[in-house]
Structures are given as structure tokens and as C-alpha cells.
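Text of protein_21.cif, listed as mmCIF, C-alpha atoms and all ligand atoms:
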```
data_final
#
loop_
_atom_site.label_atom_id
_atom_site.label_comp_id
_atom_site.auth_asym_id
_atom_site.auth_seq_id
_atom_site.Cartn_x
_atom_site.Cartn_y
_atom_site.Cartn_z
CA MET A 1 0.00 0.00 0.00
CA ASN A 2 1.38 3.41 -0.93
CA VAL A 3 0.67 6.28 1.45
CA SER A 4 0.21 9.65 -0.25
CA VAL A 5 2.08 12.46 1.51
CA LYS A 6 0.05 15.68 1.71
CA ALA A 7 2.52 17.94 3.51
CA PRO A 8 5.26 19.36 1.27
CA VAL A 9 8.57 17.64 1.87
CA PRO A 10 11.57 19.99 1.69
CA ASP A 11 14.19 18.82 -0.75
CA VAL A 12 17.04 20.01 1.46
CA LEU A 13 18.13 16.48 2.35
CA ALA A 14 18.32 15.53 -1.30
CA ALA A 15 20.41 18.64 -1.98
CA GLU A 16 22.93 17.43 0.62
CA ALA A 17 23.08 14.06 -1.14
CA GLY A 18 21.67 12.42 1.97
CA GLN A 19 24.74 13.19 4.11
CA ARG A 20 22.72 14.56 7.05
CA PHE A 21 20.39 11.58 6.83
CA ARG A 22 23.38 9.21 6.99
CA ASP A 23 24.94 11.20 9.86
CA GLY A 24 21.69 10.96 11.82
CA MET A 25 21.21 7.26 11.10
CA ALA A 26 24.79 6.60 12.25
CA LEU A 27 23.56 7.53 15.74
CA LEU A 28 20.82 4.91 15.66
CA ALA A 29 22.63 1.99 17.31
CA GLY A 30 21.95 -1.36 15.70
CA ALA A 31 22.57 -4.95 16.74
CA VAL A 32 25.13 -6.55 14.43
CA THR A 33 23.97 -9.66 12.58
CA ILE A 34 25.19 -11.84 9.75
CA VAL A 35 22.49 -12.81 7.27
CA THR A 36 23.15 -16.07 5.42
CA THR A 37 21.47 -18.10 2.70
CA ASP A 38 22.17 -21.25 0.71
CA GLY A 39 20.59 -22.98 -2.25
CA GLU A 40 21.22 -23.59 -5.93
CA ASN A 41 23.47 -20.51 -6.17
CA GLY A 42 25.63 -21.55 -3.24
CA ARG A 43 26.41 -20.17 0.18
CA HIS A 44 26.24 -16.41 0.75
CA GLY A 45 26.36 -14.08 3.73
CA PHE A 46 26.73 -10.44 4.65
CA THR A 47 26.82 -8.28 7.76
CA ALA A 48 23.55 -6.44 8.45
CA THR A 49 22.23 -4.05 11.06
CA ALA A 50 18.99 -3.22 9.23
CA VAL A 51 17.11 -6.09 10.85
CA CYS A 52 13.92 -5.55 12.79
CA SER A 53 11.14 -7.48 14.50
CA VAL A 54 7.79 -7.07 12.70
CA SER A 55 5.26 -9.36 14.38
CA ASP A 56 5.19 -12.33 16.73
CA THR A 57 2.02 -13.85 15.20
CA PRO A 58 3.20 -15.20 12.87
CA PRO A 59 6.79 -14.61 13.96
CA THR A 60 8.13 -12.26 11.32
CA LEU A 61 11.21 -10.08 10.93
CA LEU A 62 12.48 -7.83 8.19
CA VAL A 63 15.89 -7.33 6.65
CA CYS A 64 16.81 -4.39 4.39
CA ILE A 65 19.25 -5.54 1.70
CA ASN A 66 21.10 -3.17 -0.57
CA ARG A 67 20.56 -4.26 -4.16
CA THR A 68 24.34 -3.99 -4.80
CA THR A 69 25.11 -6.55 -2.07
CA SER A 70 26.27 -9.75 -3.75
CA ALA A 71 23.92 -11.90 -1.64
CA HIS A 72 20.85 -9.88 -2.71
CA PRO A 73 19.72 -11.96 -5.73
CA HIS A 74 20.52 -15.22 -3.95
CA VAL A 75 18.41 -14.49 -0.88
CA LEU A 76 15.49 -13.82 -3.22
CA ASP A 77 16.18 -16.86 -5.45
CA HIS A 78 16.65 -19.29 -2.55
CA GLY A 79 13.71 -17.87 -0.62
CA VAL A 80 15.40 -18.69 2.69
CA LEU A 81 17.73 -16.88 5.06
CA ALA A 82 19.13 -17.07 8.56
CA VAL A 83 19.75 -14.06 10.80
CA ASN A 84 22.70 -14.71 13.15
CA VAL A 85 22.95 -12.22 16.04
CA LEU A 86 26.60 -11.62 16.91
CA GLY A 87 28.23 -11.35 20.32
CA GLY A 88 30.87 -8.94 21.53
CA ALA A 89 33.72 -11.30 20.61
CA GLN A 90 32.72 -11.51 16.94
CA GLN A 91 33.92 -8.20 15.48
CA THR A 92 36.41 -9.96 13.20
CA LEU A 93 33.64 -12.13 11.76
CA SER A 94 31.44 -9.09 11.26
CA SER A 95 34.23 -7.28 9.41
CA ALA A 96 34.84 -10.30 7.17
CA PHE A 97 31.16 -10.59 6.19
CA GLY A 98 30.93 -6.82 5.75
CA SER A 99 33.94 -6.57 3.44
CA ARG A 100 33.70 -6.58 -0.34
CA SER A 101 37.31 -7.78 -0.55
CA LYS A 102 36.51 -11.19 1.00
CA THR A 103 35.20 -14.09 -1.06
CA MET A 104 32.32 -16.14 0.34
CA ASP A 105 34.72 -19.03 1.01
CA GLU A 106 37.02 -16.70 2.99
CA ARG A 107 34.07 -15.35 4.99
CA PHE A 108 32.76 -18.80 5.94
CA GLU A 109 36.26 -20.19 6.62
CA GLY A 110 36.48 -17.84 9.60
CA ALA A 111 33.25 -19.17 11.07
CA ARG A 112 32.04 -22.39 12.68
CA TRP A 113 28.66 -23.14 11.16
CA ARG A 114 26.14 -25.86 10.40
CA ARG A 115 23.12 -26.09 8.13
CA GLY A 116 19.66 -25.41 9.52
CA VAL A 117 16.26 -26.69 8.39
CA THR A 118 16.23 -24.32 5.41
CA GLY A 119 19.83 -25.14 4.41
CA ALA A 120 21.01 -21.65 5.35
CA PRO A 121 24.24 -21.61 7.40
CA LEU A 122 23.77 -21.11 11.16
CA LEU A 123 26.81 -19.63 12.93
CA GLU A 124 27.73 -21.67 15.99
CA GLU A 125 28.86 -18.68 18.04
CA ALA A 126 25.76 -16.56 17.41
CA LEU A 127 23.83 -15.36 20.47
CA ALA A 128 20.60 -16.12 18.66
CA THR A 129 19.79 -17.47 15.22
CA PHE A 130 16.52 -17.04 13.34
CA GLU A 131 15.79 -19.51 10.52
CA CYS A 132 13.45 -17.90 8.02
CA ARG A 133 11.47 -18.28 4.82
CA VAL A 134 11.07 -15.20 2.62
CA GLU A 135 7.41 -14.17 2.60
CA ARG A 136 7.29 -10.82 0.84
CA VAL A 137 9.64 -8.23 -0.62
CA VAL A 138 9.15 -4.49 -1.03
CA GLU A 139 11.44 -2.31 -3.12
CA ALA A 140 12.42 0.93 -1.35
CA GLY A 141 15.03 3.20 -2.92
CA THR A 142 18.40 1.45 -3.06
CA HIS A 143 17.22 -1.43 -0.89
CA THR A 144 14.85 -4.38 -0.90
CA VAL A 145 12.91 -4.87 2.31
CA VAL A 146 12.60 -8.61 2.86
CA PHE A 147 9.81 -9.78 5.17
CA ALA A 148 10.66 -13.24 6.44
CA GLN A 149 8.67 -15.71 8.51
CA VAL A 150 10.69 -17.24 11.34
CA LEU A 151 10.57 -21.05 11.26
CA ASP A 152 12.88 -21.75 14.18
CA VAL A 153 14.97 -19.86 16.75
CA HIS A 154 18.15 -21.06 18.45
CA LEU A 155 19.44 -19.35 21.59
CA ALA A 156 23.03 -19.65 22.82
CA GLY A 157 21.68 -20.08 26.33
CA GLU A 158 24.62 -18.51 28.10
CA GLN A 159 24.77 -14.81 28.96
CA THR A 160 27.37 -13.05 26.86
CA ASP A 161 28.11 -9.54 25.62
CA GLY A 162 26.26 -8.13 22.62
CA LEU A 163 27.75 -6.37 19.59
CA VAL A 164 26.29 -3.12 18.28
CA TRP A 165 27.22 -0.68 15.51
CA PHE A 166 27.07 2.90 16.76
CA ALA A 167 28.59 6.11 15.39
CA ARG A 168 30.28 4.11 12.59
CA ARG A 169 32.15 1.81 14.94
CA TYR A 170 31.63 -1.32 16.98
CA ALA A 171 30.63 -1.19 20.63
CA VAL A 172 30.34 -4.08 23.02
CA VAL A 173 27.27 -4.10 25.27
CA PRO A 174 27.71 -6.01 28.53
CA THR A 175 24.87 -8.24 29.68
CA SER A 176 24.69 -6.29 32.94
CA CYS A 177 25.96 -2.84 33.84
C1 LIG A 201 28.17 -2.89 10.54
C2 LIG A 201 27.65 -3.12 9.14
C3 LIG A 201 26.28 -3.14 8.92
C4 LIG A 201 25.76 -3.38 7.64
N1 LIG A 201 24.40 -3.43 7.46
C5 LIG A 201 23.90 -3.72 6.24
C6 LIG A 201 22.51 -3.89 6.06
O1 LIG A 201 21.70 -3.81 6.99
N2 LIG A 201 22.06 -4.17 4.79
C7 LIG A 201 22.92 -4.30 3.73
O2 LIG A 201 22.45 -4.57 2.61
N3 LIG A 201 24.25 -4.17 3.88
C8 LIG A 201 24.76 -3.89 5.10
N4 LIG A 201 26.11 -3.77 5.29
C9 LIG A 201 26.97 -3.91 4.14
C10 LIG A 201 27.20 -5.36 3.73
O3 LIG A 201 27.62 -6.17 4.82
C11 LIG A 201 28.27 -5.31 2.64
O4 LIG A 201 27.82 -4.49 1.62
C12 LIG A 201 28.54 -6.59 2.02
O5 LIG A 201 29.12 -7.50 2.88
C13 LIG A 201 29.49 -6.29 0.86
O6 LIG A 201 29.96 -7.40 0.37
P1 LIG A 201 29.44 -8.12 -0.95
O7 LIG A 201 28.46 -7.28 -1.69
O8 LIG A 201 30.72 -8.33 -1.70
O9 LIG A 201 28.86 -9.39 -0.43
C14 LIG A 201 26.65 -3.56 6.56
C15 LIG A 201 28.04 -3.56 6.77
C16 LIG A 201 28.53 -3.35 8.06
C17 LIG A 201 30.04 -3.39 8.29
#
```
This structure in C-alpha cells:
Amino acid sequence: MNVSVKAPVPDVLAAEAGQRFRDGMALLAGAVTIVTTDGENGRHGFTATAVCSVSDTPPTLLVCINRTTSAHPHVLDHGVLAVNVLGGAQQTLSSAFGSRSKTMDERFEGARWRRGVTGAPLLEEALATFECRVERVVEAGTHTVVFAQVLDVHLAGEQTDGLVWFARRYAVVPTSC
């Protein structure tokens, strides 16, 4: 559904090429995840912070994927993905999956993983892993918003630090302050 905007929207942000938008969004801390998929096009994964809970009935989350990200067509083709929530000790893994200079083999070599019910790789060290089936996609600017139904959830069980991306750098969030 498209919502028609009645109030005039100033074009000032466009004139700044979105820099102020990006500067503001850099202050919106986000949990660091690695989104993975597997299927006929092989194993793929990338670091993502644009992940959000949508509904718990049915359990649904969304992931915003830049169309230039190499995993983008494969997530849509395979129709399955896993969201792996990283802990504070996994910055190196996040950097590997967020780097264009690493091949998929190099990214997965640095991880311990197993296949889940959908075939998507589940990272052993993840704090939580969501196994999902793609339900719906919405194109929005440079990104595709992927709505995914959660088929299973795995929890690490032990309390450990979280990893967030804030002000363009990593920060470790302790379980208790
Ligand atoms: C902390 C961090 C968060 C990121 N969040 C996202 C995201 O939410 N969506 C996205 O499409 N790309 C995101 N990226 C970028 C992808 O991880 C990156 O473009 C991708 O790994 C590039 O490699 P590839 O296209 O060669 O696979 C993020 C990168 C980092 C380092």
C-alpha cells in the first residue's frame, strides 16, 4: 500500500546528497547480525544491522538488503535466510562478512557453522539465530525490504556480551551494567 504524503517535503536532504540523513542514522545503534542463505546458487552471507522485529504472530522479521550486495539476488532466489545475532567477541567475523574484498569461502572459513532446516548456514557462536522463509519483498530506494517468517529460533543459552554498531564503529554491550 502506498501512502500519499500531503505535507510538502523539503528537498534540502536531497540537496545534501543524503549526508545529514546518513549522519543521523549513524547515531541509531543497531545490533550486528550476519544474514546467510544457501541454495542452488551456493552459500552467501553479509553483515547487516537493518534487521527488525515485525510481528510475533506469525513470527516475522524484516531485513533491508542493498541491491548492490552480492547476496541480494541469492536471498530472493533461494527464498530462505538465517539471521545470526553476533556477540561482543565476533567483530572480526562481522568485518569479514561486511567486506567486499573477501570471497564467500574466505568469509565462511572464519566461522564455525552448520546447516539449519532451510539449508542456510547457522553460525555456531551466534547469540541467537533465526531460521526464516522469505514471505514478501518491497522495493524501497536502493534497498529491498525482505519480510521473512521465522521457522525456528536457536538461543546460545549462556549470557554473553552483545555487539552493536554505533557512530560508525563497533561497541560491546555487557549483559549487565
Ligand atoms: C556494521 C555493518 C552493517 C551493515 N548493514 C547492512 C545492512 O543492513 N544491509 C545491507 O544490505 N548491507 C549492510 N552492510 C553492508 C554489507 O555487509 C556489505 O555491503 C557486504 O558485505 C558487501 O559485500 P558483498 O556485496 O561483496 O557481499 C553492513 C556492513 C557493516 C560493516
Could you give me the axis-aligned bounding box of ligand LIG 201 (chain A), with 3 Å of padding per side, as centre plus edge lengths in Å to one decimal, as lines of an AutoDock Vina configuration file?
```
center_x = 26.2
center_y = -6.1
center_z = 4.4
size_x = 15.0
size_y = 12.5
size_z = 18.2
```
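Coordinates place atom CA of A:His74 at a distance of 24.6 Å from atom CA of A:Gln91.
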Practice task
Using all atoms listed in the file, find the one residue out of A:Arg112, A:Arg133, A:Lys102, A:Arg168 that sits nearest to A:Gly30.
Solution key: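 Among the listed residues, the smallest separation from A:Gly30 belongs to A:Arg168.
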Which protein, DNA or RNA residues have an atom within 8 Å of ligand LIG 201 (chain A), counting all atoms listed in the file, as a PDB file with C-alpha atoms, in the coordinates of the input?
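Once everything was written out, this is out_25.pdb:
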```pdb
ATOM      1  CA  VAL A  32      25.130  -6.550  14.430  1.00  0.00           C
ATOM      2  CA  THR A  33      23.970  -9.660  12.580  1.00  0.00           C
ATOM      3  CA  ILE A  34      25.190 -11.840   9.750  1.00  0.00           C
ATOM      4  CA  HIS A  44      26.240 -16.410   0.750  1.00  0.00           C
ATOM      5  CA  GLY A  45      26.360 -14.080   3.730  1.00  0.00           C
ATOM      6  CA  PHE A  46      26.730 -10.440   4.650  1.00  0.00           C
ATOM      7  CA  THR A  47      26.820  -8.280   7.760  1.00  0.00           C
ATOM      8  CA  ALA A  48      23.550  -6.440   8.450  1.00  0.00           C
ATOM      9  CA  THR A  49      22.230  -4.050  11.060  1.00  0.00           C
ATOM     10  CA  ALA A  50      18.990  -3.220   9.230  1.00  0.00           C
ATOM     11  CA  VAL A  51      17.110  -6.090  10.850  1.00  0.00           C
ATOM     12  CA  VAL A  63      15.890  -7.330   6.650  1.00  0.00           C
ATOM     13  CA  CYS A  64      16.810  -4.390   4.390  1.00  0.00           C
ATOM     14  CA  ILE A  65      19.250  -5.540   1.700  1.00  0.00           C
ATOM     15  CA  ASN A  66      21.100  -3.170  -0.570  1.00  0.00           C
ATOM     16  CA  ARG A  67      20.560  -4.260  -4.160  1.00  0.00           C
ATOM     17  CA  THR A  68      24.340  -3.990  -4.800  1.00  0.00           C
ATOM     18  CA  THR A  69      25.110  -6.550  -2.070  1.00  0.00           C
ATOM     19  CA  SER A  70      26.270  -9.750  -3.750  1.00  0.00           C
ATOM     20  CA  ALA A  71      23.920 -11.900  -1.640  1.00  0.00           C
ATOM     21  CA  HIS A  72      20.850  -9.880  -2.710  1.00  0.00           C
ATOM     22  CA  SER A  94      31.440  -9.090  11.260  1.00  0.00           C
ATOM     23  CA  SER A  95      34.230  -7.280   9.410  1.00  0.00           C
ATOM     24  CA  ALA A  96      34.840 -10.300   7.170  1.00  0.00           C
ATOM     25  CA  PHE A  97      31.160 -10.590   6.190  1.00  0.00           C
ATOM     26  CA  GLY A  98      30.930  -6.820   5.750  1.00  0.00           C
ATOM     27  CA  SER A  99      33.940  -6.570   3.440  1.00  0.00           C
ATOM     28  CA  ARG A 100      33.700  -6.580  -0.340  1.00  0.00           C
ATOM     29  CA  SER A 101      37.310  -7.780  -0.550  1.00  0.00           C
ATOM     30  CA  LYS A 102      36.510 -11.190   1.000  1.00  0.00           C
ATOM     31  CA  THR A 103      35.200 -14.090  -1.060  1.00  0.00           C
ATOM     32  CA  MET A 104      32.320 -16.140   0.340  1.00  0.00           C
ATOM     33  CA  HIS A 143      17.220  -1.430  -0.890  1.00  0.00           C
ATOM     34  CA  VAL A 164      26.290  -3.120  18.280  1.00  0.00           C
ATOM     35  CA  TRP A 165      27.220  -0.680  15.510  1.00  0.00           C
ATOM     36  CA  ARG A 168      30.280   4.110  12.590  1.00  0.00           C
ATOM     37  CA  ARG A 169      32.150   1.810  14.940  1.00  0.00           C
ATOM     38  CA  TYR A 170      31.630  -1.320  16.980  1.00  0.00           C
TER      39      TYR A 170
END
```
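You will find atom CA of A:Ala171 at 17.4 Å from atom CA of A:Asn84.
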Practice task
In Å, rounded to a single decimal, give me how far atom CA of A:Ser53 is from atom CA of A:Met25.
Solution key: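 Interatomic distance here is 18.2 Å.
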Exercise for the section: Find the residue from A:Ser55, A:Leu163, A:Val75, A:Val117 that sits nearest to A:Val145; use only C-alpha atoms when measuring. Expected result: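 Of A:Ser55, A:Leu163, A:Val75, A:Val117, the one nearest A:Val145, counting only C-alpha atoms, is A:Val75.
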Exercise for the section: Go through A:Arg136, A:Arg20, A:His154, A:Arg107 one by one, measure the shortest atom-to-atom distance of each to A:Val83 using all atoms listed in the file, and give the residue with the smallest value. Expected result: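 The shortest atom-to-atom distance to A:Val83 comes from A:His154.
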Extract, using only C-alpha atoms, all DNA, RNA and protein residues at most 6 Å from A:Asp161, discarding same-chain residues fewer than 2 positions from it, and format them as a short mmCIF file (atom, residue, chain, number, x, y, z; two decimals) with C-alpha atoms, in the frame of the given file.
```cif
data_model
loop_
_atom_site.label_atom_id
_atom_site.label_comp_id
_atom_site.auth_asym_id
_atom_site.auth_seq_id
_atom_site.Cartn_x
_atom_site.Cartn_y
_atom_site.Cartn_z
CA GLY A 87 28.23 -11.35 20.32
CA GLY A 88 30.87 -8.94 21.53
CA VAL A 173 27.27 -4.10 25.27
CA PRO A 174 27.71 -6.01 28.53
CA THR A 175 24.87 -8.24 29.68
#
```
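Each of A:Thr144, A:Ser4, A:Thr129, A:Gln159 was compared to A:Leu86 using all atoms listed in the file, and A:Thr129 turns out to be the nearest.
Nearest residue to A:Glu40 among A:Thr92, A:Arg22, A:Ala120, A:Ala126 is A:Ala120, counting only C-alpha atoms.
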Exercise for the section: Rank nothing, just name the residue among A:Leu27, A:Val134, A:Ala111, A:Val172 nearest to A:Leu151, using all atoms listed in the file. Expected result: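 Under the stated criterion, the closest residue is A:Val134.
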